[in-house]
Amino acid sequence: MYRKKDQKISNVEKEYILNKFLFFISSLILSIVIFFIGRLFGNTGTFIAVLIILIFIGRQTGNRLSKFLIFSNTTVMILIGSMWGGITALLLRLLFLWTRPGTISIIIGYGAGLYTSTINYDVFMRDSRLSELFPDRLEENQEIMNFVSIISFIVLSVVFHFLLK
C-alpha cells in the first residue's frame with residue numbers, strides 16, 4: 001500500500017489495519033493460552049496445543065502464499081510448493097521428537113500436517129460465479145500447487161522419520 005506523502009489514509013483503510021492488528025494480537029494471546037493449558041496435560045497436551053497453533057499459523061501463511069503462487073509460473077510454483085510441504089514435514093517431525101506423543105496423537109499429527117501442507121486453501125472456487133472470469137490456467141495452477149505440496153509432505157515425512165531420530 002504505497003501512497004504519496006500528502007495523501008491521507010481513509011477511514012476504511014484505518015479500520016482494515018486496526019482489524020488486522022486486533023486479529024494478530026488476539027491470535028497471539030489465544031496461542032499463548034492454548035500452549036500453557038496444553039502444558040498442564042503433559043507431553044500429549046503440549047503436542048496438541050502446539051499442533052493447533054502450527055495449524056493456525058500454517059493455514060494463514062499458506063493462504064497468503066497461495067494467493068501469490070496462483071499467478072506465478074509453473075517452475076516457481078513447484079519449487080515453493082515442494083519447499084512448503086518439506087517445511088511442514090520437518091516442523092511436524094521436530095514436534096514429534098520434542099513431545100514424544102502416543103500413536104493416536106501421531107496419526108492426528110500427520111493428518112494435521114497433510115491438511116496444513118495444502119497451500120491452495122480458499123484461492124479459487126470452481127463453483128463460484130467468479131470462476132467464469134478467470135482463465136483455465138488458474139485451475140491447472142491450483143491442481144499443481146495442491147499435488148506438489150502434498151506429495152512433498154508425504155515423501156519428506158518418510159525421509160525425516162528415518163533421518164531424524
# chains A, B, ... in the order shown; residues from 1 in each chain; ligands from 1
>>> residues_around(residues="range 150-152 of chain A", least_positions_apart="6", cutoff="6 Å", atoms="only C-alpha atoms", output="MDAnalysis selection string")
chainID A and resid 82 85:86
>>> atom_distance(atom1="CA of Leu79 in chain A", atom2="CA of His161 in chain A")
22.2 Å
>>> residues_around(residues="range 96-104 of chain A", least_positions_apart="2", cutoff="12 Å", atoms="only C-alpha atoms", output="PyMOL selection string")
chain A and resi 38-39+41-51+89-94+106-111+113+157+160-161+163-165
>>> select_by_dssp(residues="chain A", states="alpha helix (DSSP H)", output="PyMOL selection string")
chain A and resi 11-39+42-69+74-99+103-117+136-163
>>> residues_around(residues="Ile55 in chain A", least_positions_apart="2", cutoff="9 Å", atoms="only C-alpha atoms", output="list in words")
Val50, Leu51, Ile52, Ile53, Ile57, Gly58, Arg59, Gln60, Ala112, Gly113, Tyr115 and Thr116 of chain A
>>> write_last_selection(atoms="N, CA and C atoms", output="PDB file, in the first residue's frame")
ATOM      1  N   VAL A  50       0.541 -27.230  20.650  1.00  0.00           N
ATOM      2  CA  VAL A  50       1.465 -26.693  19.634  1.00  0.00           C
ATOM      3  C   VAL A  50       0.970 -27.033  18.236  1.00  0.00           C
ATOM      4  N   LEU A  51       0.373 -28.206  18.058  1.00  0.00           N
ATOM      5  CA  LEU A  51      -0.174 -28.586  16.758  1.00  0.00           C
ATOM      6  C   LEU A  51      -1.288 -27.635  16.326  1.00  0.00           C
ATOM      7  N   ILE A  52      -2.171 -27.289  17.251  1.00  0.00           N
ATOM      8  CA  ILE A  52      -3.246 -26.335  16.938  1.00  0.00           C
ATOM      9  C   ILE A  52      -2.661 -24.986  16.534  1.00  0.00           C
ATOM     10  N   ILE A  53      -1.664 -24.533  17.261  1.00  0.00           N
ATOM     11  CA  ILE A  53      -1.026 -23.248  16.947  1.00  0.00           C
ATOM     12  C   ILE A  53      -0.358 -23.304  15.571  1.00  0.00           C
ATOM     13  N   ILE A  57      -1.145 -21.020  12.234  1.00  0.00           N
ATOM     14  CA  ILE A  57      -0.099 -20.228  11.577  1.00  0.00           C
ATOM     15  C   ILE A  57       0.144 -20.733  10.152  1.00  0.00           C
ATOM     16  N   GLY A  58       0.174 -22.060   9.997  1.00  0.00           N
ATOM     17  CA  GLY A  58       0.419 -22.642   8.680  1.00  0.00           C
ATOM     18  C   GLY A  58      -0.674 -22.322   7.681  1.00  0.00           C
ATOM     19  N   ARG A  59      -1.920 -22.367   8.096  1.00  0.00           N
ATOM     20  CA  ARG A  59      -3.018 -22.059   7.177  1.00  0.00           C
ATOM     21  C   ARG A  59      -3.014 -20.578   6.791  1.00  0.00           C
ATOM     22  N   GLN A  60      -2.735 -19.702   7.754  1.00  0.00           N
ATOM     23  CA  GLN A  60      -2.673 -18.279   7.427  1.00  0.00           C
ATOM     24  C   GLN A  60      -1.535 -17.996   6.440  1.00  0.00           C
ATOM     25  N   ALA A 112      -3.069 -33.571  10.465  1.00  0.00           N
ATOM     26  CA  ALA A 112      -2.995 -32.107  10.541  1.00  0.00           C
ATOM     27  C   ALA A 112      -1.885 -31.559   9.646  1.00  0.00           C
ATOM     28  N   GLY A 113      -0.772 -32.283   9.562  1.00  0.00           N
ATOM     29  CA  GLY A 113       0.315 -31.864   8.680  1.00  0.00           C
ATOM     30  C   GLY A 113      -0.089 -31.908   7.219  1.00  0.00           C
ATOM     31  N   TYR A 115      -3.157 -31.611   6.121  1.00  0.00           N
ATOM     32  CA  TYR A 115      -4.101 -30.501   5.963  1.00  0.00           C
ATOM     33  C   TYR A 115      -3.364 -29.176   5.806  1.00  0.00           C
ATOM     34  N   THR A 116      -2.338 -28.971   6.606  1.00  0.00           N
ATOM     35  CA  THR A 116      -1.593 -27.712   6.555  1.00  0.00           C
ATOM     36  C   THR A 116      -0.731 -27.618   5.304  1.00  0.00           C
TER      37      THR A 116
END
>>> residues_around(residues="Asn141 in chain A", least_positions_apart="2", cutoff="9 Å", atoms="only C-alpha atoms", output="ChimeraX atom specification")
/A:69-74,77,136-139,143-146
>>> write_last_selection(atoms="N, CA and C atoms", output="mmCIF file, in the first residue's frame")
data_model
loop_
_atom_site.group_PDB
_atom_site.id
_atom_site.type_symbol
_atom_site.label_atom_id
_atom_site.label_comp_id
_atom_site.auth_asym_id
_atom_site.auth_seq_id
_atom_site.Cartn_x
_atom_site.Cartn_y
_atom_site.Cartn_z
ATOM 1 N N LEU A 69 1.201 -17.435 -5.422
ATOM 2 C CA LEU A 69 1.626 -18.502 -6.339
ATOM 3 C C LEU A 69 0.646 -18.768 -7.464
ATOM 4 N N ILE A 70 -0.630 -18.488 -7.277
ATOM 5 C CA ILE A 70 -1.630 -18.847 -8.280
ATOM 6 C C ILE A 70 -1.359 -18.142 -9.611
ATOM 7 N N PHE A 71 -0.693 -16.987 -9.571
ATOM 8 C CA PHE A 71 -0.418 -16.244 -10.796
ATOM 9 C C PHE A 71 1.033 -16.371 -11.250
ATOM 10 N N SER A 72 1.836 -17.188 -10.572
ATOM 11 C CA SER A 72 3.239 -17.313 -10.953
ATOM 12 C C SER A 72 3.412 -18.442 -11.970
ATOM 13 N N ASN A 73 4.630 -18.571 -12.466
ATOM 14 C CA ASN A 73 4.856 -19.629 -13.455
ATOM 15 C C ASN A 73 5.016 -20.983 -12.763
ATOM 16 N N THR A 74 5.005 -22.031 -13.543
ATOM 17 C CA THR A 74 4.963 -23.394 -13.014
ATOM 18 C C THR A 74 6.222 -23.754 -12.238
ATOM 19 N N MET A 77 6.109 -22.249 -8.824
ATOM 20 C CA MET A 77 5.043 -22.917 -8.084
ATOM 21 C C MET A 77 5.505 -24.279 -7.568
ATOM 22 N N ASP A 136 -8.601 -20.761 -17.587
ATOM 23 C CA ASP A 136 -8.495 -22.166 -17.181
ATOM 24 C C ASP A 136 -7.123 -22.482 -16.580
ATOM 25 N N ARG A 137 -6.140 -21.667 -16.904
ATOM 26 C CA ARG A 137 -4.786 -21.875 -16.378
ATOM 27 C C ARG A 137 -4.769 -21.826 -14.861
ATOM 28 N N LEU A 138 -5.638 -21.001 -14.249
ATOM 29 C CA LEU A 138 -5.658 -20.896 -12.796
ATOM 30 C C LEU A 138 -6.113 -22.201 -12.147
ATOM 31 N N GLU A 139 -7.035 -22.903 -12.786
ATOM 32 C CA GLU A 139 -7.447 -24.209 -12.270
ATOM 33 C C GLU A 139 -6.278 -25.185 -12.311
ATOM 34 N N GLU A 143 -4.323 -27.064 -9.093
ATOM 35 C CA GLU A 143 -4.083 -28.505 -9.011
ATOM 36 C C GLU A 143 -2.598 -28.806 -8.832
ATOM 37 N N ILE A 144 -1.756 -28.067 -9.520
ATOM 38 C CA ILE A 144 -0.305 -28.262 -9.388
ATOM 39 C C ILE A 144 0.137 -27.931 -7.969
ATOM 40 N N MET A 145 -0.329 -26.794 -7.438
ATOM 41 C CA MET A 145 0.030 -26.407 -6.068
ATOM 42 C C MET A 145 -0.381 -27.480 -5.074
ATOM 43 N N ASN A 146 -1.588 -27.967 -5.217
ATOM 44 C CA ASN A 146 -2.117 -28.967 -4.301
ATOM 45 C C ASN A 146 -1.308 -30.255 -4.382
#
>>> atom_distance(atom1="CA of Ile119 in chain A", atom2="CA of Asn63 in chain A")
6.2 Å
>>> atom_distance(atom1="CA of Thr75 in chain A", atom2="CA of Leu156 in chain A")
19.5 Å
>>> decode(residues="range 18-151 of chain A", atoms="C-alpha atoms", output="PDB file, in the first residue's frame")
ATOM      1  CA  LEU A  18      -6.979  -1.926  13.026  1.00  0.00           C
ATOM      2  CA  ASN A  19      -8.893  -5.173  12.398  1.00  0.00           C
ATOM      3  CA  LYS A  20      -5.744  -6.907  11.126  1.00  0.00           C
ATOM      4  CA  PHE A  21      -3.789  -5.702  14.164  1.00  0.00           C
ATOM      5  CA  LEU A  22      -6.500  -6.812  16.614  1.00  0.00           C
ATOM      6  CA  PHE A  23      -6.734 -10.200  14.882  1.00  0.00           C
ATOM      7  CA  PHE A  24      -2.983 -10.629  15.251  1.00  0.00           C
ATOM      8  CA  ILE A  25      -2.984  -9.651  18.948  1.00  0.00           C
ATOM      9  CA  SER A  26      -5.964 -11.871  19.785  1.00  0.00           C
ATOM     10  CA  SER A  27      -4.376 -14.786  17.885  1.00  0.00           C
ATOM     11  CA  LEU A  28      -1.138 -14.303  19.781  1.00  0.00           C
ATOM     12  CA  ILE A  29      -2.899 -14.223  23.152  1.00  0.00           C
ATOM     13  CA  LEU A  30      -5.004 -17.262  22.256  1.00  0.00           C
ATOM     14  CA  SER A  31      -1.906 -19.172  21.141  1.00  0.00           C
ATOM     15  CA  ILE A  32      -0.138 -18.447  24.417  1.00  0.00           C
ATOM     16  CA  VAL A  33      -3.193 -19.526  26.428  1.00  0.00           C
ATOM     17  CA  ILE A  34      -3.573 -22.755  24.400  1.00  0.00           C
ATOM     18  CA  PHE A  35       0.112 -23.532  24.902  1.00  0.00           C
ATOM     19  CA  PHE A  36       0.012 -23.134  28.675  1.00  0.00           C
ATOM     20  CA  ILE A  37      -3.224 -25.104  29.013  1.00  0.00           C
ATOM     21  CA  GLY A  38      -1.605 -27.861  26.949  1.00  0.00           C
ATOM     22  CA  ARG A  39       1.423 -27.862  29.260  1.00  0.00           C
ATOM     23  CA  LEU A  40      -0.889 -28.782  32.139  1.00  0.00           C
ATOM     24  CA  PHE A  41      -1.664 -32.119  30.444  1.00  0.00           C
ATOM     25  CA  GLY A  42       1.929 -33.274  29.888  1.00  0.00           C
ATOM     26  CA  ASN A  43       3.596 -34.116  26.595  1.00  0.00           C
ATOM     27  CA  THR A  44       0.426 -35.090  24.740  1.00  0.00           C
ATOM     28  CA  GLY A  45      -1.291 -31.882  25.814  1.00  0.00           C
ATOM     29  CA  THR A  46       1.735 -29.868  24.727  1.00  0.00           C
ATOM     30  CA  PHE A  47       1.754 -31.716  21.401  1.00  0.00           C
ATOM     31  CA  ILE A  48      -1.929 -30.998  20.711  1.00  0.00           C
ATOM     32  CA  ALA A  49      -1.578 -27.354  21.816  1.00  0.00           C
ATOM     33  CA  VAL A  50       1.465 -26.693  19.634  1.00  0.00           C
ATOM     34  CA  LEU A  51      -0.174 -28.586  16.758  1.00  0.00           C
ATOM     35  CA  ILE A  52      -3.246 -26.335  16.938  1.00  0.00           C
ATOM     36  CA  ILE A  53      -1.026 -23.248  16.947  1.00  0.00           C
ATOM     37  CA  LEU A  54       1.026 -24.534  13.994  1.00  0.00           C
ATOM     38  CA  ILE A  55      -2.117 -25.391  12.022  1.00  0.00           C
ATOM     39  CA  PHE A  56      -3.401 -21.856  12.534  1.00  0.00           C
ATOM     40  CA  ILE A  57      -0.099 -20.228  11.577  1.00  0.00           C
ATOM     41  CA  GLY A  58       0.419 -22.642   8.680  1.00  0.00           C
ATOM     42  CA  ARG A  59      -3.018 -22.059   7.177  1.00  0.00           C
ATOM     43  CA  GLN A  60      -2.673 -18.279   7.427  1.00  0.00           C
ATOM     44  CA  THR A  61       0.772 -18.378   5.819  1.00  0.00           C
ATOM     45  CA  GLY A  62      -0.316 -20.898   3.190  1.00  0.00           C
ATOM     46  CA  ASN A  63      -3.320 -18.787   2.267  1.00  0.00           C
ATOM     47  CA  ARG A  64      -1.155 -15.727   1.677  1.00  0.00           C
ATOM     48  CA  LEU A  65       1.448 -17.773  -0.158  1.00  0.00           C
ATOM     49  CA  SER A  66      -1.110 -19.383  -2.458  1.00  0.00           C
ATOM     50  CA  LYS A  67      -2.548 -16.019  -3.493  1.00  0.00           C
ATOM     51  CA  PHE A  68       0.932 -15.132  -4.700  1.00  0.00           C
ATOM     52  CA  LEU A  69       1.626 -18.502  -6.339  1.00  0.00           C
ATOM     53  CA  ILE A  70      -1.630 -18.847  -8.280  1.00  0.00           C
ATOM     54  CA  PHE A  71      -0.418 -16.244 -10.796  1.00  0.00           C
ATOM     55  CA  SER A  72       3.239 -17.313 -10.953  1.00  0.00           C
ATOM     56  CA  ASN A  73       4.856 -19.629 -13.455  1.00  0.00           C
ATOM     57  CA  THR A  74       4.963 -23.394 -13.014  1.00  0.00           C
ATOM     58  CA  THR A  75       8.626 -23.648 -12.003  1.00  0.00           C
ATOM     59  CA  VAL A  76       8.256 -21.212  -9.128  1.00  0.00           C
ATOM     60  CA  MET A  77       5.043 -22.917  -8.084  1.00  0.00           C
ATOM     61  CA  ILE A  78       6.680 -26.366  -7.979  1.00  0.00           C
ATOM     62  CA  LEU A  79       9.723 -25.068  -6.115  1.00  0.00           C
ATOM     63  CA  ILE A  80       7.807 -23.166  -3.445  1.00  0.00           C
ATOM     64  CA  GLY A  81       5.127 -25.856  -3.170  1.00  0.00           C
ATOM     65  CA  SER A  82       7.711 -28.547  -2.538  1.00  0.00           C
ATOM     66  CA  MET A  83       9.502 -26.323  -0.032  1.00  0.00           C
ATOM     67  CA  TRP A  84       6.197 -25.706   1.774  1.00  0.00           C
ATOM     68  CA  GLY A  85       5.497 -29.426   2.043  1.00  0.00           C
ATOM     69  CA  GLY A  86       9.057 -30.027   3.246  1.00  0.00           C
ATOM     70  CA  ILE A  87       8.912 -27.301   5.879  1.00  0.00           C
ATOM     71  CA  THR A  88       5.609 -28.699   7.139  1.00  0.00           C
ATOM     72  CA  ALA A  89       7.049 -32.227   7.347  1.00  0.00           C
ATOM     73  CA  LEU A  90      10.200 -31.008   9.114  1.00  0.00           C
ATOM     74  CA  LEU A  91       8.293 -28.970  11.696  1.00  0.00           C
ATOM     75  CA  LEU A  92       5.962 -31.890  12.375  1.00  0.00           C
ATOM     76  CA  ARG A  93       8.904 -34.290  12.827  1.00  0.00           C
ATOM     77  CA  LEU A  94      10.635 -31.866  15.202  1.00  0.00           C
ATOM     78  CA  LEU A  95       7.398 -31.566  17.163  1.00  0.00           C
ATOM     79  CA  PHE A  96       7.220 -35.379  17.405  1.00  0.00           C
ATOM     80  CA  LEU A  97      10.802 -35.535  18.678  1.00  0.00           C
ATOM     81  CA  TRP A  98      10.217 -32.768  21.225  1.00  0.00           C
ATOM     82  CA  THR A  99       6.986 -34.029  22.770  1.00  0.00           C
ATOM     83  CA  ARG A 100       7.137 -37.823  22.176  1.00  0.00           C
ATOM     84  CA  PRO A 101       3.363 -38.227  21.695  1.00  0.00           C
ATOM     85  CA  GLY A 102       1.461 -41.506  21.589  1.00  0.00           C
ATOM     86  CA  THR A 103       0.351 -43.378  18.486  1.00  0.00           C
ATOM     87  CA  ILE A 104      -3.093 -41.758  18.247  1.00  0.00           C
ATOM     88  CA  SER A 105      -1.538 -38.292  18.575  1.00  0.00           C
ATOM     89  CA  ILE A 106       0.979 -39.132  15.854  1.00  0.00           C
ATOM     90  CA  ILE A 107      -1.827 -40.161  13.491  1.00  0.00           C
ATOM     91  CA  ILE A 108      -3.671 -36.931  14.292  1.00  0.00           C
ATOM     92  CA  GLY A 109      -0.412 -35.037  13.729  1.00  0.00           C
ATOM     93  CA  TYR A 110       0.135 -36.489  10.272  1.00  0.00           C
ATOM     94  CA  GLY A 111      -3.454 -35.663   9.329  1.00  0.00           C
ATOM     95  CA  ALA A 112      -2.995 -32.107  10.541  1.00  0.00           C
ATOM     96  CA  GLY A 113       0.315 -31.864   8.680  1.00  0.00           C
ATOM     97  CA  LEU A 114      -1.318 -33.044   5.468  1.00  0.00           C
ATOM     98  CA  TYR A 115      -4.101 -30.501   5.963  1.00  0.00           C
ATOM     99  CA  THR A 116      -1.593 -27.712   6.555  1.00  0.00           C
ATOM    100  CA  SER A 117       0.620 -28.697   3.634  1.00  0.00           C
ATOM    101  CA  THR A 118      -2.122 -27.964   1.073  1.00  0.00           C
ATOM    102  CA  ILE A 119      -1.332 -24.334   0.362  1.00  0.00           C
ATOM    103  CA  ASN A 120      -4.158 -23.553  -2.042  1.00  0.00           C
ATOM    104  CA  TYR A 121      -6.797 -23.087   0.628  1.00  0.00           C
ATOM    105  CA  ASP A 122      -9.553 -20.655  -0.394  1.00  0.00           C
ATOM    106  CA  VAL A 123      -7.920 -19.310  -3.540  1.00  0.00           C
ATOM    107  CA  PHE A 124     -10.036 -20.374  -6.455  1.00  0.00           C
ATOM    108  CA  MET A 125     -13.568 -21.680  -6.079  1.00  0.00           C
ATOM    109  CA  ARG A 126     -14.721 -23.633  -9.113  1.00  0.00           C
ATOM    110  CA  ASP A 127     -18.406 -23.356  -8.274  1.00  0.00           C
ATOM    111  CA  SER A 128     -18.497 -19.598  -7.769  1.00  0.00           C
ATOM    112  CA  ARG A 129     -19.762 -17.106 -10.329  1.00  0.00           C
ATOM    113  CA  LEU A 130     -16.317 -15.522 -10.425  1.00  0.00           C
ATOM    114  CA  SER A 131     -14.784 -18.713 -11.837  1.00  0.00           C
ATOM    115  CA  GLU A 132     -16.030 -17.678 -15.284  1.00  0.00           C
ATOM    116  CA  LEU A 133     -13.817 -14.576 -15.141  1.00  0.00           C
ATOM    117  CA  PHE A 134     -10.573 -16.457 -14.594  1.00  0.00           C
ATOM    118  CA  PRO A 135      -8.674 -18.375 -17.261  1.00  0.00           C
ATOM    119  CA  ASP A 136      -8.495 -22.166 -17.181  1.00  0.00           C
ATOM    120  CA  ARG A 137      -4.786 -21.875 -16.378  1.00  0.00           C
ATOM    121  CA  LEU A 138      -5.658 -20.896 -12.796  1.00  0.00           C
ATOM    122  CA  GLU A 139      -7.447 -24.209 -12.270  1.00  0.00           C
ATOM    123  CA  GLU A 140      -4.351 -26.036 -13.505  1.00  0.00           C
ATOM    124  CA  ASN A 141      -2.144 -23.937 -11.233  1.00  0.00           C
ATOM    125  CA  GLN A 142      -4.336 -24.789  -8.263  1.00  0.00           C
ATOM    126  CA  GLU A 143      -4.083 -28.505  -9.011  1.00  0.00           C
ATOM    127  CA  ILE A 144      -0.305 -28.262  -9.388  1.00  0.00           C
ATOM    128  CA  MET A 145       0.030 -26.407  -6.068  1.00  0.00           C
ATOM    129  CA  ASN A 146      -2.117 -28.967  -4.301  1.00  0.00           C
ATOM    130  CA  PHE A 147      -0.386 -32.019  -5.791  1.00  0.00           C
ATOM    131  CA  VAL A 148       3.207 -30.828  -5.335  1.00  0.00           C
ATOM    132  CA  SER A 149       2.865 -29.737  -1.714  1.00  0.00           C
ATOM    133  CA  ILE A 150       1.031 -32.917  -0.653  1.00  0.00           C
ATOM    134  CA  ILE A 151       3.484 -35.271  -2.396  1.00  0.00           C
TER     135      ILE A 151
END
